[in-house]
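Asker: Dropping in input_29.txt, with compact mmCIF, C-alpha atoms and all ligand atoms.
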```txt
# COMPACT_ATOMS: atom_id res chain seq x y z
CA MET A 1 3.46 11.41 -3.46
CA LEU A 2 0.56 8.97 -3.61
CA LYS A 3 -1.70 12.00 -3.36
CA TRP A 4 -4.27 10.25 -5.51
CA LEU A 5 -4.40 7.60 -2.77
CA ILE A 6 -5.41 10.22 -0.25
CA ARG A 7 -8.15 11.32 -2.57
CA VAL A 8 -9.34 7.73 -2.76
CA VAL A 9 -9.19 7.48 1.00
CA LEU A 10 -11.01 10.79 1.40
CA GLY A 11 -13.60 9.58 -1.06
CA LEU A 12 -14.11 6.51 1.05
CA LEU A 13 -14.42 8.73 4.11
CA GLY A 14 -16.98 10.81 2.21
CA ALA A 15 -19.01 7.67 1.68
CA ALA A 16 -18.59 6.90 5.35
CA ALA A 17 -19.89 10.36 6.22
CA ILE A 18 -23.07 9.66 4.26
CA ALA A 19 -23.49 6.43 6.18
CA VAL A 20 -22.50 8.24 9.33
CA VAL A 21 -25.04 6.59 11.57
CA SER A 22 -24.10 3.06 10.67
CA SER A 23 -20.40 3.84 10.80
CA TYR A 24 -20.89 5.53 14.16
CA VAL A 25 -22.48 2.38 15.48
CA TYR A 26 -19.72 0.30 13.92
CA PHE A 27 -16.78 2.38 15.09
CA PHE A 28 -18.01 3.36 18.52
CA VAL A 29 -20.15 0.43 19.58
CA VAL A 30 -19.03 -2.66 17.68
CA LEU A 31 -15.28 -2.14 17.58
CA PRO A 32 -13.33 -2.54 20.79
CA ARG A 33 -12.51 0.64 22.71
CA ASP A 34 -9.01 -0.43 23.31
CA LEU A 35 -6.72 -3.02 21.76
CA PRO A 36 -3.71 -3.76 23.94
CA PRO A 37 -0.56 -4.67 22.02
CA PRO A 38 0.01 -8.43 22.05
CA ASP A 39 2.85 -9.73 24.13
CA LEU A 40 5.24 -10.78 21.36
CA GLN A 41 8.93 -11.58 21.22
CA ILE A 42 9.75 -11.77 17.54
CA GLU A 43 13.09 -13.42 17.03
CA LEU A 44 15.06 -11.89 14.15
CA THR A 45 15.93 -15.15 12.40
CA PRO A 46 17.63 -14.70 9.00
CA ALA A 47 14.65 -16.34 7.26
CA ARG A 48 12.18 -13.97 8.90
CA VAL A 49 14.22 -10.84 8.15
CA GLU A 50 14.61 -12.01 4.55
CA ARG A 51 10.87 -12.63 4.15
CA GLY A 52 10.03 -9.27 5.76
CA THR A 53 12.50 -7.39 3.57
CA TYR A 54 11.06 -9.07 0.49
CA LEU A 55 7.46 -8.23 1.39
CA ALA A 56 8.28 -4.66 2.47
CA THR A 57 10.40 -3.72 -0.52
CA ALA A 58 9.25 -5.91 -3.44
CA VAL A 59 5.54 -6.49 -2.80
CA PHE A 60 3.71 -4.28 -0.28
CA GLY A 61 5.30 -0.86 -0.78
CA CYS A 62 6.30 -0.14 2.85
CA ALA A 63 9.74 1.02 1.71
CA TYR A 64 8.08 3.17 -0.96
CA CYS A 65 6.12 5.31 1.51
CA HIS A 66 8.63 5.39 4.32
CA SER A 67 11.71 6.50 2.33
CA ASP A 68 12.94 9.33 0.13
CA ARG A 69 12.22 8.49 -3.52
CA ASP A 70 14.37 9.27 -6.55
CA TRP A 71 12.08 10.98 -9.03
CA SER A 72 14.73 11.06 -11.76
CA LEU A 73 14.30 7.30 -12.19
CA PHE A 74 11.26 5.60 -13.75
CA GLY A 75 8.89 4.50 -10.99
CA ALA A 76 10.79 6.65 -8.44
CA PRO A 77 12.47 3.91 -6.35
CA PRO A 78 13.61 4.72 -2.79
CA LYS A 79 17.06 6.34 -2.60
CA PRO A 80 19.67 4.01 -1.07
CA GLY A 81 20.42 4.89 2.53
CA THR A 82 16.96 6.40 3.14
CA ILE A 83 14.96 3.18 3.63
CA GLY A 84 12.53 3.64 6.51
CA GLN A 85 13.54 7.23 7.27
CA GLY A 86 10.10 8.64 6.38
CA GLY A 87 9.51 12.17 5.19
CA GLU A 88 6.79 11.87 2.56
CA LEU A 89 4.42 14.82 3.02
CA PHE A 90 0.64 14.50 2.89
CA ASP A 91 -1.08 17.90 3.25
CA GLU A 92 -3.68 20.31 1.80
CA SER A 93 -2.10 20.12 -1.64
CA ALA A 94 -3.10 16.48 -1.51
CA GLY A 95 -6.64 17.40 -0.51
CA LEU A 96 -5.97 16.45 3.10
CA SER A 97 -7.16 18.54 6.02
CA GLY A 98 -4.11 18.86 8.21
CA MET A 99 -0.60 17.62 7.64
CA ILE A 100 1.00 14.24 8.09
CA VAL A 101 4.52 13.20 7.18
CA SER A 102 5.24 9.50 6.87
CA PRO A 103 7.19 8.76 10.06
CA ASN A 104 10.70 7.43 10.47
CA ILE A 105 10.26 3.72 11.27
CA THR A 106 13.95 2.82 11.68
CA PRO A 107 15.26 1.93 15.17
CA TYR A 108 16.35 5.60 15.46
CA ALA A 109 12.64 6.44 15.93
CA LEU A 110 11.02 3.18 17.07
CA GLY A 111 13.84 1.93 19.30
CA ASP A 112 11.64 2.04 22.40
CA TRP A 113 8.60 0.33 20.81
CA THR A 114 7.94 -3.29 21.74
CA ASP A 115 7.47 -5.93 19.04
CA GLY A 116 3.78 -6.06 20.00
CA GLU A 117 3.42 -2.30 19.52
CA ILE A 118 5.00 -2.42 16.05
CA TYR A 119 2.82 -5.41 15.15
CA ARG A 120 -0.30 -3.57 16.34
CA ALA A 121 0.71 -0.44 14.37
CA ILE A 122 0.96 -2.46 11.15
CA VAL A 123 -2.16 -4.64 11.39
CA SER A 124 -4.48 -2.44 13.51
CA GLY A 125 -3.27 1.09 12.76
CA LEU A 126 -2.61 2.21 16.32
CA HIS A 127 0.32 4.33 17.49
CA LYS A 128 2.27 3.29 20.60
CA ASP A 129 0.45 6.14 22.37
CA GLY A 130 -2.91 4.66 21.44
CA TYR A 131 -4.26 6.99 18.73
CA ALA A 132 -5.44 5.59 15.41
CA PHE A 133 -3.48 6.39 12.24
CA PHE A 134 -4.94 8.21 9.32
CA PRO A 135 -5.60 5.46 6.77
CA ILE A 136 -2.87 6.67 4.40
CA MET A 137 -1.07 3.91 6.27
CA PRO A 138 -3.00 1.00 4.69
CA PHE A 139 -3.75 -0.99 7.83
CA ASP A 140 -7.23 -1.59 6.37
CA VAL A 141 -5.61 -4.25 4.16
CA TYR A 142 -2.68 -5.17 6.40
CA LEU A 143 -5.21 -6.55 8.87
CA TYR A 144 -5.49 -9.53 6.48
CA LEU A 145 -1.80 -10.43 6.84
CA GLU A 146 -1.02 -13.98 7.83
CA PRO A 147 0.52 -13.82 11.32
CA GLU A 148 3.93 -15.08 10.17
CA ASP A 149 4.04 -12.41 7.42
CA ALA A 150 3.12 -9.70 9.93
CA TYR A 151 5.91 -10.95 12.23
CA ALA A 152 8.31 -10.87 9.28
CA LEU A 153 7.38 -7.23 8.65
CA VAL A 154 8.05 -6.41 12.31
CA ALA A 155 11.43 -8.13 11.90
CA TRP A 156 12.09 -5.96 8.81
CA VAL A 157 11.28 -2.78 10.76
CA ARG A 158 13.56 -3.93 13.59
CA SER A 159 16.40 -4.85 11.21
CA LEU A 160 16.48 -1.50 9.38
CA GLU A 161 19.64 0.57 9.57
CA PRO A 162 18.90 3.41 12.00
CA VAL A 163 18.63 6.64 9.99
CA VAL A 164 18.93 9.94 11.85
CA ASN A 165 15.98 11.85 10.44
CA ASP A 166 13.43 13.73 12.52
CA THR A 167 10.10 14.01 10.73
CA PRO A 168 7.75 16.82 11.76
CA PRO A 169 5.02 15.85 14.23
CA ARG A 170 1.64 15.00 12.69
CA ASN A 171 -0.77 17.90 12.70
CA PRO A 172 -4.20 16.55 11.93
CA SER A 173 -7.21 18.86 11.64
CA LEU A 174 -10.10 18.49 14.09
CA PHE A 175 -11.87 16.38 11.47
CA MET A 176 -8.92 14.07 11.24
CA GLN A 177 -8.65 13.90 14.99
CA TRP A 178 -12.27 12.80 15.03
CA ILE A 179 -11.45 10.11 12.49
CA GLY A 180 -8.50 9.20 14.71
CA ASN A 181 -10.90 8.58 17.55
CA VAL A 182 -12.32 5.55 15.83
CA ARG A 183 -11.67 2.45 17.79
CA ALA A 184 -9.08 -0.12 17.03
CA ILE A 185 -9.51 -2.48 14.08
CA PRO A 186 -8.54 -5.99 15.17
CA ALA A 187 -6.37 -8.13 12.90
CA ALA A 188 -8.33 -10.58 10.76
CA PRO A 189 -5.76 -12.84 9.07
CA TRP A 190 -6.94 -14.52 5.88
CA GLU A 191 -7.04 -18.26 5.77
CA ILE A 192 -5.69 -18.95 2.32
CA ASP A 193 -5.99 -22.29 0.59
CA LYS A 194 -2.27 -22.54 -0.23
CA SER A 195 -2.93 -25.09 -2.98
CA ASP A 196 -4.91 -22.51 -4.99
CA PRO A 197 -2.80 -20.06 -7.07
CA VAL A 198 -5.76 -17.68 -7.43
CA GLN A 199 -6.11 -17.34 -3.65
CA ARG A 200 -2.37 -16.97 -3.18
CA GLY A 201 -2.37 -14.25 -5.83
CA GLN A 202 -5.39 -12.52 -4.33
CA TYR A 203 -3.65 -12.31 -0.96
CA LEU A 204 -0.62 -10.58 -2.53
CA ALA A 205 -2.60 -8.32 -4.88
CA VAL A 206 -5.08 -7.12 -2.25
CA ILE A 207 -2.43 -6.37 0.36
CA ALA A 208 -0.19 -4.74 -2.27
CA GLY A 209 -3.14 -2.49 -3.14
CA CYS A 210 -3.11 -3.05 -6.93
CA ARG A 211 -6.81 -2.23 -7.07
CA PHE A 212 -6.44 1.15 -5.31
CA CYS A 213 -4.47 2.40 -8.31
CA HIS A 214 -5.96 0.30 -11.06
CA THR A 215 -9.67 1.03 -10.52
CA PRO A 216 -10.98 4.31 -11.99
CA ALA A 217 -13.01 6.68 -9.80
CA ASP A 218 -15.36 9.62 -10.29
CA GLU A 219 -14.50 13.17 -9.20
CA ARG A 220 -15.67 12.32 -5.67
CA GLN A 221 -13.16 9.45 -5.69
CA GLN A 222 -15.86 6.79 -5.63
CA ALA A 223 -14.71 3.70 -7.53
CA LEU A 224 -16.68 3.42 -10.78
CA PRO A 225 -19.00 0.41 -10.56
CA GLY A 226 -18.14 -2.58 -12.72
CA MET A 227 -14.66 -1.18 -13.46
CA ARG A 228 -12.52 -2.98 -10.88
CA LEU A 229 -8.91 -3.21 -12.13
CA ALA A 230 -9.95 -1.69 -15.49
CA GLY A 231 -7.44 1.19 -15.20
CA GLY A 232 -7.81 4.86 -16.07
CA LEU A 233 -7.34 6.35 -12.59
CA GLY A 234 -5.32 9.54 -13.00
CA MET A 235 -2.63 10.26 -10.43
CA PRO A 236 0.12 12.85 -10.17
CA ALA A 237 3.64 11.57 -10.74
CA ASN A 238 6.27 14.27 -10.38
CA GLY A 239 3.95 17.04 -11.50
CA VAL A 240 2.51 15.20 -14.49
CA LYS A 241 -0.61 13.08 -14.51
CA VAL A 242 -0.28 9.39 -15.29
CA TYR A 243 -3.20 7.01 -15.80
CA SER A 244 -3.18 3.42 -14.59
CA ALA A 245 -3.45 0.53 -17.04
CA ASN A 246 -6.33 -1.90 -17.59
CA ILE A 247 -5.14 -5.13 -15.93
CA THR A 248 -8.33 -7.14 -16.41
CA PRO A 249 -8.26 -10.14 -18.78
CA ASP A 250 -9.93 -8.19 -21.61
CA ARG A 251 -8.01 -9.21 -24.74
CA ALA A 252 -8.27 -5.97 -26.69
CA THR A 253 -7.79 -3.35 -23.95
CA GLY A 254 -6.44 -5.28 -20.94
CA ILE A 255 -3.82 -7.95 -20.43
CA GLY A 256 -5.93 -10.89 -21.68
CA GLY A 257 -3.53 -11.40 -24.57
CA TRP A 258 -0.52 -11.75 -22.26
CA SER A 259 0.81 -15.20 -21.38
CA GLU A 260 2.00 -15.86 -17.85
CA ARG A 261 5.55 -15.58 -19.25
CA ASP A 262 4.78 -12.17 -20.82
CA PHE A 263 3.46 -10.94 -17.47
CA ILE A 264 6.49 -12.13 -15.50
CA ASN A 265 8.91 -10.72 -18.10
CA ARG A 266 7.17 -7.34 -18.11
CA PHE A 267 8.15 -7.02 -14.41
CA HIS A 268 11.50 -8.80 -14.50
CA ASN A 269 12.72 -6.60 -17.37
CA PHE A 270 13.32 -3.96 -14.71
CA ARG A 271 15.63 -6.23 -12.69
CA GLY A 272 18.98 -4.59 -12.16
CA ALA A 273 17.98 -1.82 -14.57
CA THR A 274 18.08 1.84 -13.66
CA VAL A 275 15.80 3.50 -16.18
CA ALA A 276 15.78 7.31 -16.33
CA ALA A 277 12.26 8.73 -16.36
CA ASP A 278 13.31 11.05 -19.18
CA ALA A 279 14.27 8.07 -21.33
CA VAL A 280 10.75 6.62 -20.97
CA GLY A 281 9.11 9.96 -21.65
CA PHE A 282 6.83 9.90 -18.61
CA GLN A 283 6.92 9.18 -14.89
CA THR A 284 4.74 6.61 -13.12
CA GLN A 285 3.58 5.59 -9.67
CA HIS A 286 3.75 1.87 -10.50
CA ALA A 287 6.82 0.65 -8.57
CA TRP A 288 8.51 -1.12 -11.50
CA THR A 289 11.95 -1.31 -9.86
CA GLU A 290 10.60 -2.75 -6.60
CA TYR A 291 8.07 -5.13 -8.17
CA ALA A 292 10.89 -6.42 -10.41
CA GLN A 293 12.32 -8.10 -7.31
CA MET A 294 9.18 -10.26 -6.95
CA THR A 295 9.73 -13.96 -7.53
CA ALA A 296 8.41 -15.55 -10.73
CA ALA A 297 6.22 -17.78 -8.53
CA ASP A 298 4.53 -14.81 -6.81
CA LEU A 299 4.07 -12.97 -10.12
CA ALA A 300 2.54 -16.14 -11.59
CA ASP A 301 0.07 -16.26 -8.68
CA ILE A 302 -0.88 -12.58 -9.18
CA TYR A 303 -1.33 -13.33 -12.88
CA ALA A 304 -3.62 -16.28 -12.03
CA TYR A 305 -5.68 -14.01 -9.77
CA LEU A 306 -5.95 -11.24 -12.38
CA MET A 307 -6.96 -13.75 -15.08
CA ALA A 308 -9.76 -14.99 -12.80
CA GLN A 309 -11.31 -11.49 -12.57
CA PRO A 310 -14.06 -10.23 -14.90
CA ALA A 311 -12.76 -8.81 -18.20
CA VAL A 312 -13.67 -5.14 -18.66
CA SER A 313 -13.29 -3.32 -21.97
CA ASN A 314 -11.60 0.03 -21.26
CA SER A 315 -8.89 1.51 -23.42
CA VAL A 316 -6.40 3.62 -21.43
CA ASP A 317 -3.48 5.75 -22.58
CA PRO A 318 -0.98 6.30 -19.74
CA LEU A 319 -0.72 10.01 -20.59
CA LEU A 320 -4.22 10.79 -21.87
CA GLY A 321 -6.43 8.58 -19.72
CA MET A 322 -9.49 6.63 -20.80
CA GLN A 323 -10.11 6.68 -24.55
CA PRO A 324 -13.61 6.65 -26.05
C1 LIG A 401 0.78 4.79 1.31
C2 LIG A 401 1.85 5.08 2.23
C3 LIG A 401 2.24 4.04 3.28
C4 LIG A 401 2.47 2.69 3.09
C5 LIG A 401 2.35 1.88 1.81
C6 LIG A 401 2.90 2.18 4.38
N1 LIG A 401 2.89 3.16 5.31
FE1 LIG A 401 3.38 2.95 7.30
N2 LIG A 401 2.69 4.82 7.66
C7 LIG A 401 2.34 5.76 6.70
C8 LIG A 401 1.92 6.99 7.38
C9 LIG A 401 1.44 8.26 6.68
C10 LIG A 401 2.01 6.74 8.77
C11 LIG A 401 1.59 7.71 9.89
C12 LIG A 401 0.07 7.75 9.99
C13 LIG A 401 -0.47 8.71 11.03
O1 LIG A 401 0.33 9.19 11.87
O2 LIG A 401 -1.67 8.93 11.04
C14 LIG A 401 2.55 5.38 8.91
C15 LIG A 401 2.84 4.78 10.13
C16 LIG A 401 3.57 3.59 10.27
C17 LIG A 401 4.11 3.07 11.53
C18 LIG A 401 4.01 3.75 12.89
C19 LIG A 401 5.16 4.72 13.09
C20 LIG A 401 4.81 5.95 13.89
O3 LIG A 401 5.74 6.56 14.44
O4 LIG A 401 3.65 6.36 13.94
C21 LIG A 401 4.74 1.88 11.23
C22 LIG A 401 5.46 0.95 12.20
C23 LIG A 401 4.58 1.65 9.81
N3 LIG A 401 3.87 2.71 9.25
C24 LIG A 401 5.06 0.54 9.12
C25 LIG A 401 4.70 0.23 7.80
C26 LIG A 401 4.90 -1.08 7.19
C27 LIG A 401 5.61 -2.26 7.83
C28 LIG A 401 4.35 -0.99 5.94
C29 LIG A 401 4.21 -2.10 4.88
C30 LIG A 401 3.57 -3.34 5.32
C31 LIG A 401 3.84 0.37 5.77
N4 LIG A 401 4.07 1.07 6.91
C32 LIG A 401 3.26 0.85 4.58
C33 LIG A 401 2.35 5.56 5.32
C34 LIG A 401 2.49 4.32 4.70
C1 LIG A 402 0.71 3.46 -6.87
C2 LIG A 402 -0.20 3.11 -7.94
C3 LIG A 402 -0.08 1.71 -8.51
C4 LIG A 402 -0.04 0.53 -7.82
C5 LIG A 402 -0.11 0.30 -6.31
C6 LIG A 402 0.04 -0.51 -8.82
N1 LIG A 402 0.09 0.02 -10.08
FE1 LIG A 402 0.27 -1.01 -11.81
N2 LIG A 402 0.35 0.74 -12.86
C7 LIG A 402 0.12 2.00 -12.33
C8 LIG A 402 0.19 2.98 -13.41
C9 LIG A 402 -0.01 4.49 -13.24
C10 LIG A 402 0.44 2.28 -14.61
C11 LIG A 402 0.55 2.86 -16.02
C12 LIG A 402 1.89 3.50 -16.28
C13 LIG A 402 2.99 2.47 -16.29
O1 LIG A 402 3.03 1.61 -17.18
O2 LIG A 402 3.83 2.52 -15.37
C14 LIG A 402 0.58 0.87 -14.21
C15 LIG A 402 0.88 -0.16 -15.10
C16 LIG A 402 0.78 -1.51 -14.79
C17 LIG A 402 0.99 -2.59 -15.73
C18 LIG A 402 1.38 -2.44 -17.21
C19 LIG A 402 0.18 -2.69 -18.05
C20 LIG A 402 0.42 -2.43 -19.53
O3 LIG A 402 -0.54 -2.55 -20.27
O4 LIG A 402 1.54 -2.08 -19.89
C21 LIG A 402 0.76 -3.77 -15.05
C22 LIG A 402 0.83 -5.19 -15.63
C23 LIG A 402 0.42 -3.42 -13.69
N3 LIG A 402 0.46 -2.04 -13.57
C24 LIG A 402 0.09 -4.34 -12.71
C25 LIG A 402 -0.02 -4.01 -11.35
C26 LIG A 402 -0.14 -4.98 -10.29
C27 LIG A 402 -0.26 -6.49 -10.48
C28 LIG A 402 -0.13 -4.28 -9.10
C29 LIG A 402 -0.16 -4.82 -7.69
C30 LIG A 402 0.92 -5.74 -7.36
C31 LIG A 402 0.00 -2.88 -9.44
N4 LIG A 402 0.06 -2.75 -10.80
C32 LIG A 402 0.06 -1.86 -8.50
C33 LIG A 402 -0.06 2.30 -11.01
C34 LIG A 402 -0.01 1.38 -9.94
```
Step by step, read the file and then write its structure as structure tokens.
Ligand code: HEC
Ligand code: HEC
Answerer:
Amino acid sequence: MLKWLIRVVLGLLGAAAIAVVSSYVYFFVVLPRDLPPPDLQIELTPARVERGTYLATAVFGCAYCHSDRDWSLFGAPPKPGTIGQGGELFDESAGLSGMIVSPNITPYALGDWTDGEIYRAIVSGLHKDGYAFFPIMPFDVYLYLEPEDAYALVAWVRSLEPVVNDTPPRNPSLFMQWIGNVRAIPAAPWEIDKSDPVQRGQYLAVIAGCRFCHTPADERQQALPGMRLAGGLGMPANGVKVYSANITPDRATGIGGWSERDFINRFHNFRGATVAADAVGFQTQHAWTEYAQMTAADLADIYAYLMAQPAVSNSVDPLLGMQP
């Protein structure tokens, strides 16, 4: 799943290849050679585990990628009892050179990692053994996490039920190994003005990766200029292509006609509901069931952020894509 995301990532890497000299300088000269894990003892307080569980399952999609998903339900939520067990395959069929399976992150697999090593994996993309992850794991946005949120995510990982599930070892191609030799990316937590709903919403929307799915791209997976959040990116969902929606404030083709209440309800309608994909008539990659658990306050902040973005006219049909 999320194969479209790999294409986006590969597209970004393609752009990086063009700018190979500058990226070489950046990766091999500017970035640190080595980033030791911080010495952390993260206490599993109930508040921290609760916050981490909320972020990982309702907002940031960690549970989505690191579990087995039920494709018979709309939005393919994780199957109960598989949370954190890994197993999602990313390979050639996804346009990837090599093969990577999302790893088991329950204590069954990470029992001997320190808190600092798990923290560094999330915000800097480094394995305990020191190699850099392929950026399917979105550490390029997790580096913005506020420290307390990153600690809460470590607490979530630690608090998961151990699931006995051995995922195959990663088998990156030489090209991917080269990418994996890039140096560590240090955490760069955002300083958010907490009194500003737009900034609070931006923090959630950027780290949740709304724009990765909701910005259309050309066949080389370069984001189309001037089309941020305007929808129309095609992505496979259970064998069928689905196209993301325009979530800019354009009134005619986006969500500009939606009130804050409409926006919150659109998500909360999926609370406690198990909706069969067949009943909807199509399958999607938008995590309706998980996002439904977001608080009204957080959804209101995301709404404020989206409404503050430029309106783009772009009519999208979820099954047919961009309409002339
Ligand atoms: C789009 C899919 C995706 C999302 C979303 C995602 N991960 Fe990952 N994660 C991966 C993949 C794939 C790897 C392995 C990458 C590699 O080996 O190059 C990984 C690696 C990890 C590891 C290291 C485990 C190991 O054995 O290498 C941890 C810990 C982890 N993720 C935690 C998280 C947390 C916490 C979140 C949410 C904040 C998250 N992940 C979101 C796909 C994802
Ligand atoms: C994994 C890809 C993906 C991610 C991540 C994603 N979406 Fe979506 N979204 C879609 C797709 C595909 C659709 C269209 C099909 C559907 O309605 O499910 C959609 C539909 C929507 C709709 C319905 C719009 C309408 O006109 O009915 C809204 C609102 C929305 N997304 C907002 C968001 C926000 C906010 C985020 C970030 C928190 C987000 N999406 C993250 C793929 C994604």
Asker: Between atom C19 of ligand LIG 401 (chain A) and CA of Ala287 in chain A, measure the distance and give it in Å to one decimal.
Answerer: 22.1 Å
Asker: Calculated over only C-alpha atoms, which of the candidates A:Pro318, A:Pro37, A:Pro310, A:Pro103 has the smallest distance to Ile136 in chain A?
Answerer: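 Looking at the shortest contact to Ile136 in chain A, the residue is A:Pro103.
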Asker: Can you report as lines of an AutoDock Vina configuration file the centre and edge lengths in Å, to one decimal, of an axis-aligned box around the listed atoms of range 69-83 of chain A padded with 5 Å on each side?
Answerer:
```
center_x = 14.7
center_y = 7.1
center_z = -5.1
size_x = 21.5
size_y = 17.9
size_z = 27.4
```
Asker: Can I get the residues close to ligand LIG 401 (chain A) as a VMD selection string, where close means within 8 Å and we count all atoms listed in the file?
Answerer: chain A and resid 2 5 55 to 56 60 to 66 88 90 100 to 105 109 to 110 118 to 119 121 to 122 125 to 128 132 to 139 142 150 153 to 154 156 to 157 170 180
Asker: Hey, which residues come within 6 Å of ligand LIG 402 (chain A) if we count all atoms listed in the file? Could you give them as a compact mmCIF listing (two decimals) with C-alpha atoms, in the coordinates of the input?
Answerer:
```txt
# COMPACT_ATOMS: atom_id res chain seq x y z
CA ALA A 205 -2.60 -8.32 -4.88
CA ALA A 208 -0.19 -4.74 -2.27
CA GLY A 209 -3.14 -2.49 -3.14
CA CYS A 210 -3.11 -3.05 -6.93
CA CYS A 213 -4.47 2.40 -8.31
CA VAL A 242 -0.28 9.39 -15.29
CA TYR A 243 -3.20 7.01 -15.80
CA SER A 244 -3.18 3.42 -14.59
CA ALA A 245 -3.45 0.53 -17.04
CA ILE A 247 -5.14 -5.13 -15.93
CA THR A 284 4.74 6.61 -13.12
CA GLN A 285 3.58 5.59 -9.67
CA HIS A 286 3.75 1.87 -10.50
CA PRO A 318 -0.98 6.30 -19.74
```
Asker: Which of these, A:Asp140, A:Asp34, A:Asp218, A:Asp250, has the shortest distance to Met307 in chain A once you count all atoms listed in the file?
Answerer: A:Asp250
Asker: For Gly116 in chain A, which residue among A:Leu40, A:Leu73, A:Val164, A:Ala155 is the nearest when counting all atoms listed in the file?
Answerer: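 Closest to Gly116 in chain A of all the choices is A:Leu40.
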Asker: Which distance in Å separates CA of Leu229 in chain A and CA of Gly254 in chain A, to one decimal?
Answerer: 9.4 Å
Asker: Go ahead and compute the interatomic distance for CA of Tyr144 in chain A and CA of Ala187 in chain A, in Å to one decimal.
Answerer: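 Distance between the two atoms: 6.6 Å.
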Asker: Please, which residues are within 12 Å of (6.5, -15.8, -9.3) by the file's coordinates, counting only C-alpha atoms, and could they come as a list of chain:residue names?
Answerer: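 Those residues lying close to the given coordinates are A:Ala58, A:Val59, A:Pro197, A:Arg200, A:Gly201, A:Leu204, A:Glu260, A:Arg261, A:Phe263, A:Ile264, A:Asn265, A:Phe267, A:His268, A:Tyr291, A:Ala292, A:Gln293, A:Met294, A:Thr295, A:Ala296, A:Ala297, A:Asp298, A:Leu299, A:Ala300, A:Asp301, A:Ile302, A:Tyr303, A:Ala304.
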Asker: Quick one: everything within 12 Å of Thr253 in chain A, counting only C-alpha atoms, minus sequence neighbours fewer than 6 positions away in the same chain. Send it as a PyMOL selection string.
Answerer: chain A and resi 229-232+245-247+311-317+322-324
Asker: Ranking A:Val49, A:Leu224, A:Met99, A:Val275 by minimum distance to Asn171 in chain A and counting all atoms listed in the file, which one comes first?
Answerer: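 Selected residue with least distance to Asn171 in chain A: A:Met99.
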Asker: When you get a chance, write out N, CA and C atoms for range 52-66 of chain A, as a short mmCIF file (atom, residue, chain, number, x, y, z; two decimals), in the frame of the given file.
Answerer:
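Output (rebuild.cif):
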```
data_model
loop_
_atom_site.label_atom_id
_atom_site.label_comp_id
_atom_site.auth_asym_id
_atom_site.auth_seq_id
_atom_site.Cartn_x
_atom_site.Cartn_y
_atom_site.Cartn_z
N GLY A 52 10.56 -10.61 5.48
CA GLY A 52 10.03 -9.27 5.76
C GLY A 52 10.59 -8.24 4.79
N THR A 53 11.87 -8.34 4.50
CA THR A 53 12.50 -7.39 3.57
C THR A 53 11.89 -7.55 2.19
N TYR A 54 11.68 -8.80 1.80
CA TYR A 54 11.06 -9.07 0.49
C TYR A 54 9.66 -8.46 0.41
N LEU A 55 8.83 -8.75 1.42
CA LEU A 55 7.46 -8.23 1.39
C LEU A 55 7.45 -6.70 1.42
N ALA A 56 8.31 -6.11 2.27
CA ALA A 56 8.28 -4.66 2.47
C ALA A 56 8.82 -3.89 1.27
N THR A 57 9.79 -4.47 0.57
CA THR A 57 10.40 -3.72 -0.52
C THR A 57 9.89 -4.15 -1.90
N ALA A 58 9.60 -5.45 -2.10
CA ALA A 58 9.25 -5.91 -3.44
C ALA A 58 7.74 -6.03 -3.66
N VAL A 59 6.95 -6.17 -2.59
CA VAL A 59 5.54 -6.49 -2.80
C VAL A 59 4.58 -5.45 -2.22
N PHE A 60 4.74 -5.06 -0.96
CA PHE A 60 3.71 -4.28 -0.28
C PHE A 60 3.95 -2.77 -0.24
N GLY A 61 5.12 -2.30 -0.67
CA GLY A 61 5.30 -0.86 -0.78
C GLY A 61 5.62 -0.12 0.51
N CYS A 62 5.95 -0.83 1.60
CA CYS A 62 6.30 -0.14 2.85
C CYS A 62 7.50 0.78 2.62
N ALA A 63 8.51 0.25 1.92
CA ALA A 63 9.74 1.02 1.71
C ALA A 63 9.46 2.25 0.85
N TYR A 64 8.50 2.10 -0.07
CA TYR A 64 8.08 3.17 -0.96
C TYR A 64 7.61 4.41 -0.20
N CYS A 65 6.75 4.20 0.79
CA CYS A 65 6.12 5.31 1.51
C CYS A 65 7.00 5.83 2.63
N HIS A 66 7.87 5.00 3.14
CA HIS A 66 8.63 5.39 4.32
C HIS A 66 10.09 5.70 3.97
#
```
